[in-house]
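Encoded as C-alpha cells, the structure appears first; notes follow it.
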Amino acid sequence: MGAPAIRIEQLGKRYRRVTALRDVSLEVASGEVFGFLGLNGAGKTTTIRILLDLVRPTTGRAFIFGLDCQTQGLDVRAQLGYLPGEPGLYGDMTGEATLDLLAGLARFPVDPRWRRSLVDRLELAAADLKRPLREYSTGMKRKLGIVQACQSDAPLLVLDEPTEGLDPLMQDVFYALVAELRARGRTVFMSSHVLPEVERICDRIGLVRSGELVLVSTVADLRSLAGRRVRASFAESVAPPTAWPDGCDVIAVSPTLWDLRVRGPLGPIVARLAALPVADLDVQMPHLEEILKTYYADSPAA
Amino acid sequence: MTTPTLTLAAHSLRRIRPIVVGMAIVLGGFQFLLTQVAVFLMRNRAFGMLASLVPDFIRSLAGPSMVAFMSFGGVVSLGYFHPIVLASLVGLAIAVATEPAAEAETRFGDLLLARPVARHQVITRTVIVLTAVVAALLLVMTSATWGGLACCTPATAARPTFALIRSLAVTLGAIVLCWGGIALAVGAAARRRATAVGITAVAALASYLLDYLGRVWDPARFASRLSPFHYFEPMALLTGGALSGSNVGVLLAVAAAGTAAGYAIFARRDL
C-alpha cells in the first residue's frame, strides 16, 4: 500500500505569543475527499500553508505522498494543485496570461484539452480570458483560481474555501468536478466552513478549533453518532412511557407529540409507537451543520 | 539557470517593461540633449562666463570639480551624477528589488511558490531583473551620450573619452546596484512592499545627506564613510582620475552582501 496522500505528525505553529496550531496529527488517504473544517482563525489555512512550505512549523512534520513538505518541498509541490483562500492575482494580467505563467511553472506540461474542458465547464469564455483581471468579478476570479489549481491535473488538490464567491450553479459545477476528480483517483483536501457543501462532497472531515484537531470522522459515522430525529404526532392524547428505549433522548414531549433523538436502530421506538394512535411519523437524518455546531460551540477545555 | 527562474524573470520584465522603456526614453533623451547643450554653450563661449559667475569661496570649496563641471565634458557627463537621475535610478532599483515583498503582500507569491519553485529562485529572478534593467538603462544612456557626441558635435569640441563615459556609467551602475542589494535584503524580510521601499528610500536619503555633510564638514567626514555615496565619486573621474576599483568594489560588495542576506532571510521566513 502506498503512502497516504497527506500525513501530518504533531504539527504545531506559534506566532510569537499566539498559538495557531497545537499538536495536530492527521492522515488523508489517497483518493479521498477530505473536508477540513473550522471557524475563521481556527488554524485551517495555517495547516495548508505548512503543507505548501509557505509557513514553517514550530513543531512536528508534514508529508505528502511520503515526501517531507519542508525538506522535499519541490517534489511535494510538483504533485499538487493549490487554490488559495484569497488568490493574489495581478489586475493588469489577463486570465490567459495568468494561467500560462502558472502552467509554465508546473513540472509537467499542462494538457491544453484538459484546461479547455475546465474553462468550458466553469463558463469562462475565451473573451473573458483575454481581459485583464481587474475587470473580473469575485466569482470569475474564483473560477480562474479553480482552473489554475486543477489545470496541471495533479494527484492532490489543496483547496482553501473553494466555493467562496461562486453562485449556486457554479457551486454545482464545482461539486461535479470534485466528484470526477475523485473518480479519477485524485485526492482533494479542502478547507471550508460551508457545512452542507462538505456534507455533500466529502468522504471524511476533520475539525479544528483554536488550533487543535478536535474531530476526525467519516460523514456517515458522524451522522450515526448524532442520531436521527423522530417526531411522532398522535390522533389522540397518549401518556409518555415511564422509561424510553436505549438510545432515545427526549427533545420535547406532549400528549399529542413526541420529539426524540434516536441513536442506533429505530426498531425499539417503532415497536413502542405501533401500539399507539400515530397520526404522523417524521424521521430526519441529522445535518452535519447541527452536529458540528456543538463542536464549534464547545470551549477548548470542554 | 533553471526554467522557473527564467519564466519568473521574463514575467517580471514584461510587467515592468513600460516603466523601463519610459525611463530609457527620458534618460537617453536627456543624455543626448546634454551633448547638444554642451555644443550650444561651447559655441556661445559660455563655459568661461559660467565659471566666472561662481563665487570664489564656492569654487575653493568645490575644488577642481567645479571647473571640471563647467566644461564641455562636464556638461555632457551631467546625467551620470545629477541627483534627480541618481534618485530615479536608485528608486527604480528599490522598486525592482522589493518585488518579493510585493508578491508576499498580494499573495501572488503563494501561487508561485505552490508550484515546484524554490524560494532562492524567486530571489535569483529578482537579481537577474535588477541587473538587466540597470545594465539596459546604462547602455541606453551611454549610447545616447556617444551617439550625441558622434553625430552632432564639432571636431574642435573637447569631447570626453569613451573610457570616461564608461567609467561614469560603471560607478553609477555600482551605486544603483548597491541600493538594489540593500532593498533586496529589506524586501525579503518585509510583509509589505511600501514598508520595504520606505525603509530603503529613507536610508538612501539619510546616507546621501551624510555623504554630503562629510564632504563639506570635517567632523562628519569619518562618519560619511558609512554612506555608500561616499564611494560614488564621479567628480574624481571628471577631473582626470582613474576609476577607483576599491570604490566600485565596496559598492558591489554591499550589493552582494544585501543579496546574500536577501537569500538567507527569504529562505527562512514565513510567507
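By convention in this document, the chains of the C-alpha cells carry letters A, B, ... by their order, each chain's residues are numbered from 1, and ligands are numbered from 1 in the order they are shown.
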Need to verify the contact set: Arg61 in chain A, 7 Å, only C-alpha atoms, exclusion of same-chain residues closer than 4 positions in sequence. Can you return it as a PyMOL selection string?
chain A and resi 8-11
Export of prior selection with C-alpha atoms as a PDB file, in the first residue's frame:
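Writing the result to part.pdb gives the following:
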ATOM      1  CA  ILE A   8       0.649  15.316   9.485  1.00  0.00           C
ATOM      2  CA  GLU A   9       2.527  14.461  12.672  1.00  0.00           C
ATOM      3  CA  GLN A  10       2.108  16.538  15.814  1.00  0.00           C
ATOM      4  CA  LEU A  11       2.147  19.756  13.886  1.00  0.00           C
TER       5      LEU A  11
END
What are the residues of chain B lining chain A at 6 Å or less? Count only C-alpha atoms, and put the answer as a PyMOL selection string.
chain B and resi 4+106-108+114-116+270-271
As a PyMOL selection string, which residues of range 106-140 of chain A does DSSP assign to helix (DSSP H, G or I)?
chain A and resi 112-121+126-129+133-135+138-140
Find the residues near Gly214 in chain B: any atom within 10 Å, counting only C-alpha atoms, skip ones fewer than 5 places away on the same chain, and give them as a PyMOL selection string.
chain B and resi 208-209+219-225+227+230
If you run DSSP on this backbone, which residues of range 16-264 of chain A come out as strand (DSSP E or B), and could you give them as a PyMOL selection string?
chain A and resi 18-28+33-37+59-64+67-68+80-83+94+132+156-160+187-192+204-209+212-218+228-234+248-254+257-262
Give me, as a Markdown table, each residue of range 169-222 of chain B that comes within 9 Å of range 135-139 of chain B, together with its shortest interatomic pair and the distance in Å at one decimal, counting only C-alpha atoms, with rows ordered by chain and rising residue number.
| residue | atom | partner | partner_atom | distance |
| --- | --- | --- | --- | --- |
| B:Ala169 | CA | B:Leu138 | CA | 6.2 |
| B:Val170 | CA | B:Leu138 | CA | 8.4 |
| B:Leu172 | CA | B:Leu138 | CA | 8.3 |
| B:Gly173 | CA | B:Leu138 | CA | 7.1 |
Now that the selection is made, can you save its residues with N, CA and C atoms as a PDB file, in the first residue's frame?
ATOM      1  N   ALA B 169      29.511  55.481 -16.150  1.00  0.00           N
ATOM      2  CA  ALA B 169      28.384  54.537 -16.166  1.00  0.00           C
ATOM      3  C   ALA B 169      28.625  53.403 -15.170  1.00  0.00           C
ATOM      4  N   VAL B 170      29.860  52.948 -15.083  1.00  0.00           N
ATOM      5  CA  VAL B 170      30.169  51.842 -14.157  1.00  0.00           C
ATOM      6  C   VAL B 170      29.962  52.283 -12.713  1.00  0.00           C
ATOM      7  N   LEU B 172      28.095  54.748 -11.659  1.00  0.00           N
ATOM      8  CA  LEU B 172      26.659  54.959 -11.450  1.00  0.00           C
ATOM      9  C   LEU B 172      25.953  53.613 -11.272  1.00  0.00           C
ATOM     10  N   GLY B 173      26.296  52.655 -12.119  1.00  0.00           N
ATOM     11  CA  GLY B 173      25.691  51.324 -12.006  1.00  0.00           C
ATOM     12  C   GLY B 173      25.994  50.680 -10.666  1.00  0.00           C
TER      13      GLY B 173
END
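Counting only C-alpha atoms and comparing B:Met49, B:Ala257, B:Ala38, B:Val250, the residue that lies closest to Gly74 in chain B is B:Ala38.
The space between CA of Gly2 in chain A and CA of Ala176 in chain A spans 26.8 Å.
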